[in-house]
Amino acid sequence: MNWQLVPQQFATGLLNGGTIALIALGVVLIFKSSEVFNFAHGHMVMLGAYLTWWFAGGTESGGELFNLPLWAAVIAALLVSVFVGLLIERLALRPMTGQPLLSIILMTLGLSQLIEGVASITYGIEPKNNFPAPFSPSDVVQVPFPGAFNDTIILKQALVASFAVAMIAAVLFILFFRYTNAGLAMRATSENHELARSVGIKVRSVFGLSWAIAGIVATLGGVLLATLTGVSLNLATVVLVAFPAILLGGLDSFPGAILGGLLVGLAQALVQSSTMIEVRNSAEIAPYVLLLIVLVIRPEGLFGQKRIERI
């Protein structure tokens, strides 16, 4: 282990974990409200990034239909994402009510391929490197830290801003879920659909609201990723990093999703501090190794609830 690199990698991993945590929240929301594991969430992230890029004036030919400032493009993309989330719930998931779990999982997998196909036809398959990021790669903050390489930790301003936005959005999301009437209805529905229906909660409306909010969370995550890496179809693969974060924290826990995202970011970054090239090249599998260790000790995840089946 190269200990001089550990402080730098720790800071970078923690900042990267913020965006992963935000994306994981969207998956946990859908699972809590409807017990559906949304395998299409990564593609919703990718679609949100493409929509923002398009509204901000991004085109292949240069003849843009829109040319909005970034903040307005994000709002427009969020509105479209809400509509897409509602459309998915109404046309794809609601007719699957009562069907076997495997059928619903296959439906979300089919949705992911449909979204990718529509995005590739509409925007092309080439990566877009002209995303209107508010910071350039050269904008950095240097933090003195004795013991680090050159006694300094270098933080990209884009990464710091992404982490701040992700954490603020996550906190607002949790406050909404806990302290608003809509959030209370979603919590009741997540506990027991039939009991929630018996006290007058419109369960189908709650499902629709959950998918709409998941679309918002996915778009925010896509925008944060795009400011760092640009826009491409490969953005959808971020869900492969979010899945270990979700299972680490517990499938039904919002705080667990946040902690899981931060731990995954740290795991990916810290293995790159190793002096062994084999370990440094294992950053992609590090979250899954961490996941296996945690699940052996605590199968329900760090914050997940044990399910007790009554006979």
# chains A, B, ... in the order shown; residues from 1 in each chain; ligands from 1
$ residues_around --residues "Val80 in chain A" --least-positions-apart "6" --cutoff "9 Å" --atoms "only C-alpha atoms" --output "number ranges by chain"
A: 48, 51, 215
$ write_last_selection --atoms "N, CA and C atoms" --output "mmCIF file, in the first residue's frame"
data_model
loop_
_atom_site.group_PDB
_atom_site.id
_atom_site.type_symbol
_atom_site.label_atom_id
_atom_site.label_comp_id
_atom_site.auth_asym_id
_atom_site.auth_seq_id
_atom_site.Cartn_x
_atom_site.Cartn_y
_atom_site.Cartn_z
ATOM 1 N N GLY A 48 -31.583 10.953 -18.618
ATOM 2 C CA GLY A 48 -31.607 12.280 -18.012
ATOM 3 C C GLY A 48 -30.423 13.129 -18.431
ATOM 4 N N LEU A 51 -31.017 14.195 -22.090
ATOM 5 C CA LEU A 51 -32.036 15.242 -22.184
ATOM 6 C C LEU A 51 -31.466 16.601 -21.789
ATOM 7 N N GLY A 215 -37.455 9.213 -11.426
ATOM 8 C CA GLY A 215 -36.979 9.872 -12.641
ATOM 9 C C GLY A 215 -36.201 11.138 -12.328
#
$ residues_around --residues "Gly256 in chain A" --least-positions-apart "5" --cutoff "6 Å" --atoms "only C-alpha atoms" --output "short mmCIF file (atom, residue, chain, number, x, y, z; two decimals) with N, CA and C atoms, in the first residue's frame"
data_model
loop_
_atom_site.label_atom_id
_atom_site.label_comp_id
_atom_site.auth_asym_id
_atom_site.auth_seq_id
_atom_site.Cartn_x
_atom_site.Cartn_y
_atom_site.Cartn_z
N GLY A 249 -26.17 -1.31 2.03
CA GLY A 249 -26.93 -0.56 3.01
C GLY A 249 -28.22 -1.22 3.41
N GLY A 250 -28.77 -2.06 2.54
CA GLY A 250 -30.06 -2.67 2.78
C GLY A 250 -31.06 -2.18 1.75
N PHE A 303 -28.21 -1.65 7.16
CA PHE A 303 -29.38 -1.01 7.75
C PHE A 303 -30.69 -1.70 7.37
#
$ residues_around --residues "Phe135 in chain A" --least-positions-apart "2" --cutoff "8 Å" --atoms "only C-alpha atoms" --output "PyMOL selection string"
chain A and resi 133+137+139+157-158+227
$ write_last_selection --atoms "N, CA and C atoms" --output "PDB file, in the first residue's frame"
ATOM      1  N   ALA A 133     -20.588  21.714 -18.745  1.00  0.00           N
ATOM      2  CA  ALA A 133     -20.190  21.611 -17.341  1.00  0.00           C
ATOM      3  C   ALA A 133     -19.799  22.983 -16.793  1.00  0.00           C
ATOM      4  N   PRO A 137     -11.872  20.685 -16.182  1.00  0.00           N
ATOM      5  CA  PRO A 137     -11.034  19.721 -15.456  1.00  0.00           C
ATOM      6  C   PRO A 137      -9.858  20.360 -14.730  1.00  0.00           C
ATOM      7  N   ASP A 139      -9.960  23.126 -13.028  1.00  0.00           N
ATOM      8  CA  ASP A 139     -10.395  23.858 -11.831  1.00  0.00           C
ATOM      9  C   ASP A 139     -10.290  22.942 -10.617  1.00  0.00           C
ATOM     10  N   GLN A 157     -12.949  20.795  -8.562  1.00  0.00           N
ATOM     11  CA  GLN A 157     -14.120  21.574  -8.164  1.00  0.00           C
ATOM     12  C   GLN A 157     -15.416  20.925  -8.651  1.00  0.00           C
ATOM     13  N   ALA A 158     -15.378  20.323  -9.831  1.00  0.00           N
ATOM     14  CA  ALA A 158     -16.570  19.646 -10.353  1.00  0.00           C
ATOM     15  C   ALA A 158     -16.971  18.490  -9.446  1.00  0.00           C
ATOM     16  N   THR A 227     -21.248  15.942 -15.966  1.00  0.00           N
ATOM     17  CA  THR A 227     -20.322  17.060 -15.766  1.00  0.00           C
ATOM     18  C   THR A 227     -18.889  16.575 -15.580  1.00  0.00           C
TER      19      THR A 227
END
$ atom_distance --atom1 "CA of Ser136 in chain A" --atom2 "CA of Leu233 in chain A"
21.9 Å
$ closest_residue --among "A:Gln268, A:Asn281, A:Ser273, A:Thr189" --to "Leu14 in chain A" --atoms "only C-alpha atoms"
A:Gln268
$ residues_around --residues "Ala166 in chain A" --least-positions-apart "3" --cutoff "10 Å" --atoms "only C-alpha atoms" --output "number ranges by chain"
A: 15-23, 160-163, 169-172, 217, 220-221, 224, 258
$ write_last_selection --atoms "C-alpha atoms" --output "compact mmCIF listing (two decimals), in the first residue's frame"
# COMPACT_ATOMS: atom_id res chain seq x y z
CA LEU A 15 -16.64 12.52 -3.35
CA ASN A 16 -17.35 9.95 -6.07
CA GLY A 17 -19.48 8.00 -3.62
CA GLY A 18 -21.90 10.91 -3.25
CA THR A 19 -23.21 10.54 -6.79
CA ILE A 20 -23.38 6.75 -6.44
CA ALA A 21 -25.42 7.21 -3.26
CA LEU A 22 -27.89 9.52 -5.01
CA ILE A 23 -28.40 7.03 -7.83
CA VAL A 160 -16.74 18.74 -4.91
CA ALA A 161 -19.80 20.44 -6.42
CA SER A 162 -21.26 17.11 -7.53
CA PHE A 163 -20.84 15.68 -4.04
CA ALA A 169 -30.61 16.25 -2.85
CA ALA A 170 -30.37 13.09 -0.74
CA VAL A 171 -31.16 14.96 2.48
CA LEU A 172 -34.11 16.79 0.89
CA VAL A 217 -33.26 11.37 -8.87
CA LEU A 220 -29.86 14.55 -11.18
CA GLY A 221 -27.45 11.64 -11.00
CA LEU A 224 -23.69 15.05 -12.05
CA ILE A 258 -26.23 6.76 1.15
$ closest_residue --among "A:Ala49, A:Ile30, A:Leu68, A:Leu86" --to "Pro127 in chain A" --atoms "only C-alpha atoms"
A:Ala49
$ residues_around --residues "Leu235 in chain A" --least-positions-apart "2" --cutoff "9 Å" --atoms "only C-alpha atoms" --output "number ranges by chain"
A: 42-43, 45-47, 49, 222, 225-226, 229-233, 237-239
$ select_by_dssp --residues "range 144-280 of chain A" --states "helix (DSSP H, G or I)" --output "short mmCIF file (atom, residue, chain, number, x, y, z; two decimals) with C-alpha atoms, in the first residue's frame"
data_model
loop_
_atom_site.label_atom_id
_atom_site.label_comp_id
_atom_site.auth_asym_id
_atom_site.auth_seq_id
_atom_site.Cartn_x
_atom_site.Cartn_y
_atom_site.Cartn_z
CA PHE A 149 1.77 13.11 -1.66
CA ASN A 150 3.44 16.55 -1.83
CA ASP A 151 1.62 17.26 1.46
CA GLN A 157 -14.12 21.57 -8.16
CA ALA A 158 -16.57 19.65 -10.35
CA LEU A 159 -16.25 16.64 -8.04
CA VAL A 160 -16.74 18.74 -4.91
CA ALA A 161 -19.80 20.44 -6.42
CA SER A 162 -21.26 17.11 -7.53
CA PHE A 163 -20.84 15.68 -4.04
CA ALA A 164 -22.48 18.73 -2.46
CA VAL A 165 -25.45 18.63 -4.83
CA ALA A 166 -25.86 14.87 -4.36
CA MET A 167 -25.84 15.10 -0.57
CA ILE A 168 -28.23 18.07 -0.50
CA ALA A 169 -30.61 16.25 -2.85
CA ALA A 170 -30.37 13.09 -0.74
CA VAL A 171 -31.16 14.96 2.48
CA LEU A 172 -34.11 16.79 0.89
CA PHE A 173 -35.35 13.49 -0.48
CA ILE A 174 -35.26 11.82 2.95
CA LEU A 175 -36.95 14.83 4.59
CA PHE A 176 -39.70 14.66 1.96
CA PHE A 177 -40.18 10.96 2.57
CA ARG A 178 -40.40 11.35 6.35
CA TYR A 179 -42.21 14.64 6.95
CA ASN A 181 -48.15 13.81 3.59
CA ALA A 182 -47.07 12.33 0.27
CA GLY A 183 -44.02 10.83 1.94
CA LEU A 184 -46.18 9.40 4.72
CA ALA A 185 -48.44 7.78 2.11
CA MET A 186 -45.39 6.29 0.40
CA ARG A 187 -44.11 4.92 3.72
CA ALA A 188 -47.47 3.38 4.52
CA THR A 189 -47.68 1.82 1.08
CA SER A 190 -44.18 0.39 1.41
CA GLU A 191 -45.17 -1.34 4.66
CA HIS A 193 -50.26 -2.23 0.25
CA GLU A 194 -53.60 -3.63 1.38
CA LEU A 195 -53.57 -1.85 4.73
CA ALA A 196 -52.67 1.43 3.03
CA ARG A 197 -55.55 0.97 0.60
CA SER A 198 -57.94 0.25 3.47
CA VAL A 203 -51.81 3.05 -3.84
CA ARG A 204 -51.62 3.38 -7.62
CA SER A 205 -51.06 7.12 -7.31
CA VAL A 206 -48.28 6.43 -4.82
CA PHE A 207 -46.65 4.06 -7.30
CA GLY A 208 -46.83 6.74 -9.98
CA LEU A 209 -45.36 9.35 -7.64
CA SER A 210 -42.54 6.97 -6.73
CA TRP A 211 -41.59 6.47 -10.37
CA ALA A 212 -41.80 10.21 -11.03
CA ILE A 213 -39.44 10.95 -8.13
CA ALA A 214 -37.15 8.13 -9.26
CA GLY A 215 -36.98 9.87 -12.64
CA ILE A 216 -35.96 13.11 -10.91
CA VAL A 217 -33.26 11.37 -8.87
CA ALA A 218 -31.98 9.53 -11.95
CA THR A 219 -31.74 12.76 -13.95
CA LEU A 220 -29.86 14.55 -11.18
CA GLY A 221 -27.45 11.64 -11.00
CA GLY A 222 -27.02 11.67 -14.77
CA VAL A 223 -26.28 15.39 -14.83
CA LEU A 224 -23.69 15.05 -12.05
CA LEU A 225 -21.98 12.20 -13.88
CA ALA A 226 -22.09 14.02 -17.21
CA THR A 227 -20.32 17.06 -15.77
CA LEU A 228 -17.40 14.75 -14.96
CA THR A 229 -17.32 12.30 -17.87
CA LEU A 233 -24.61 5.35 -23.58
CA ASN A 234 -22.06 3.94 -21.13
CA LEU A 235 -23.50 6.15 -18.37
CA ALA A 236 -26.12 3.43 -17.87
CA THR A 237 -23.45 1.09 -16.48
CA VAL A 238 -23.26 3.22 -13.32
CA VAL A 239 -26.08 1.04 -12.02
CA LEU A 240 -23.58 -1.84 -11.79
CA VAL A 241 -21.76 0.23 -9.18
CA ALA A 242 -24.99 1.34 -7.48
CA PHE A 243 -26.28 -2.23 -6.98
CA PRO A 244 -23.55 -3.17 -4.46
CA ALA A 245 -24.21 0.13 -2.66
CA ILE A 246 -27.92 -0.69 -2.40
CA LEU A 247 -27.34 -4.20 -1.06
CA LEU A 248 -24.62 -3.03 1.32
CA GLY A 249 -26.93 -0.56 3.01
CA PHE A 254 -32.47 5.27 2.48
CA PRO A 255 -29.65 6.03 4.95
CA GLY A 256 -28.20 2.64 4.03
CA ALA A 257 -28.16 3.59 0.34
CA ILE A 258 -26.23 6.76 1.15
CA LEU A 259 -23.71 4.95 3.35
CA GLY A 260 -23.43 2.15 0.80
CA GLY A 261 -22.69 4.63 -1.98
CA LEU A 262 -19.96 6.29 0.05
CA LEU A 263 -18.43 2.92 0.97
CA VAL A 264 -18.43 1.80 -2.66
CA GLY A 265 -16.73 5.01 -3.74
CA LEU A 266 -14.10 4.54 -1.04
CA ALA A 267 -13.54 0.89 -1.91
CA GLN A 268 -12.98 1.68 -5.58
CA ALA A 269 -10.55 4.48 -4.79
CA LEU A 270 -8.55 2.88 -1.99
CA VAL A 271 -7.63 -0.26 -3.93
CA GLN A 272 -5.88 2.04 -6.39
CA SER A 273 -3.47 3.01 -3.60
CA ILE A 277 -0.80 -3.70 -10.13
CA GLU A 278 -3.21 -6.64 -9.84
CA VAL A 279 -4.95 -4.96 -6.91
CA ARG A 280 -5.00 -1.54 -8.59
#
$ closest_residue --among "A:Ile88, A:Met107, A:Leu79, A:Leu251" --to "Ser33 in chain A" --atoms "only C-alpha atoms"
A:Leu251
$ closest_residue --among "A:Ala283, A:Val289, A:Leu102, A:Asn38" --to "Gln9 in chain A" --atoms "only C-alpha atoms"
A:Ala283
$ select_by_dssp --residues "range 61-232 of chain A" --states "strand (DSSP E)" --output "compact mmCIF listing (two decimals) with N, CA and C atoms, in the first residue's frame"
# COMPACT_ATOMS: atom_id res chain seq x y z
N VAL A 140 -9.31 23.19 -9.77
CA VAL A 140 -9.07 22.32 -8.63
C VAL A 140 -8.91 23.14 -7.35
N VAL A 141 -9.08 22.46 -6.24
CA VAL A 141 -8.84 23.04 -4.92
C VAL A 141 -7.71 22.24 -4.27
N GLN A 142 -6.68 22.93 -3.82
CA GLN A 142 -5.55 22.27 -3.17
C GLN A 142 -5.67 22.44 -1.66
N VAL A 143 -5.75 21.30 -0.97
CA VAL A 143 -5.92 21.30 0.49
C VAL A 143 -4.63 20.78 1.13
N PRO A 144 -3.97 21.59 1.96
CA PRO A 144 -2.76 21.10 2.64
C PRO A 144 -3.09 19.92 3.55
N THR A 152 -0.25 17.58 -0.04
CA THR A 152 -1.42 18.28 -0.59
C THR A 152 -2.43 17.28 -1.13
N ILE A 153 -3.70 17.55 -0.86
CA ILE A 153 -4.79 16.80 -1.49
C ILE A 153 -5.41 17.70 -2.55
N ILE A 154 -5.50 17.19 -3.77
CA ILE A 154 -6.05 17.96 -4.89
C ILE A 154 -7.47 17.49 -5.17
N LEU A 155 -8.42 18.40 -5.08
CA LEU A 155 -9.82 18.09 -5.30
C LEU A 155 -10.33 18.85 -6.51
N LYS A 156 -10.94 18.15 -7.44
CA LYS A 156 -11.55 18.82 -8.58
C LYS A 156 -12.81 19.55 -8.12
$ decode --residues "range 288-299 of chain A" --atoms "N, CA and C atoms" --output "compact mmCIF listing (two decimals), in the first residue's frame"
# COMPACT_ATOMS: atom_id res chain seq x y z
N TYR A 288 -17.98 -5.38 -5.09
CA TYR A 288 -18.63 -6.68 -4.95
C TYR A 288 -17.92 -7.53 -3.91
N VAL A 289 -16.61 -7.41 -3.80
CA VAL A 289 -15.88 -8.11 -2.75
C VAL A 289 -16.32 -7.60 -1.38
N LEU A 290 -16.42 -6.27 -1.25
CA LEU A 290 -16.91 -5.68 -0.01
C LEU A 290 -18.33 -6.13 0.29
N LEU A 291 -19.16 -6.20 -0.74
CA LEU A 291 -20.54 -6.65 -0.58
C LEU A 291 -20.60 -8.07 -0.04
N LEU A 292 -19.80 -8.97 -0.60
CA LEU A 292 -19.79 -10.36 -0.16
C LEU A 292 -19.40 -10.46 1.31
N ILE A 293 -18.41 -9.69 1.71
CA ILE A 293 -17.96 -9.73 3.11
C ILE A 293 -19.08 -9.28 4.04
N VAL A 294 -19.76 -8.19 3.68
CA VAL A 294 -20.83 -7.66 4.54
C VAL A 294 -22.01 -8.62 4.59
N LEU A 295 -22.39 -9.20 3.44
CA LEU A 295 -23.56 -10.07 3.40
C LEU A 295 -23.34 -11.37 4.15
N VAL A 296 -22.10 -11.83 4.22
CA VAL A 296 -21.80 -13.03 5.01
C VAL A 296 -22.06 -12.75 6.49
N ILE A 297 -21.71 -11.54 6.94
CA ILE A 297 -21.88 -11.17 8.34
C ILE A 297 -23.32 -10.73 8.63
N ARG A 298 -23.89 -9.95 7.71
CA ARG A 298 -25.23 -9.40 7.92
C ARG A 298 -26.00 -9.48 6.60
N PRO A 299 -26.72 -10.58 6.36
CA PRO A 299 -27.36 -10.82 5.05
C PRO A 299 -28.34 -9.75 4.61
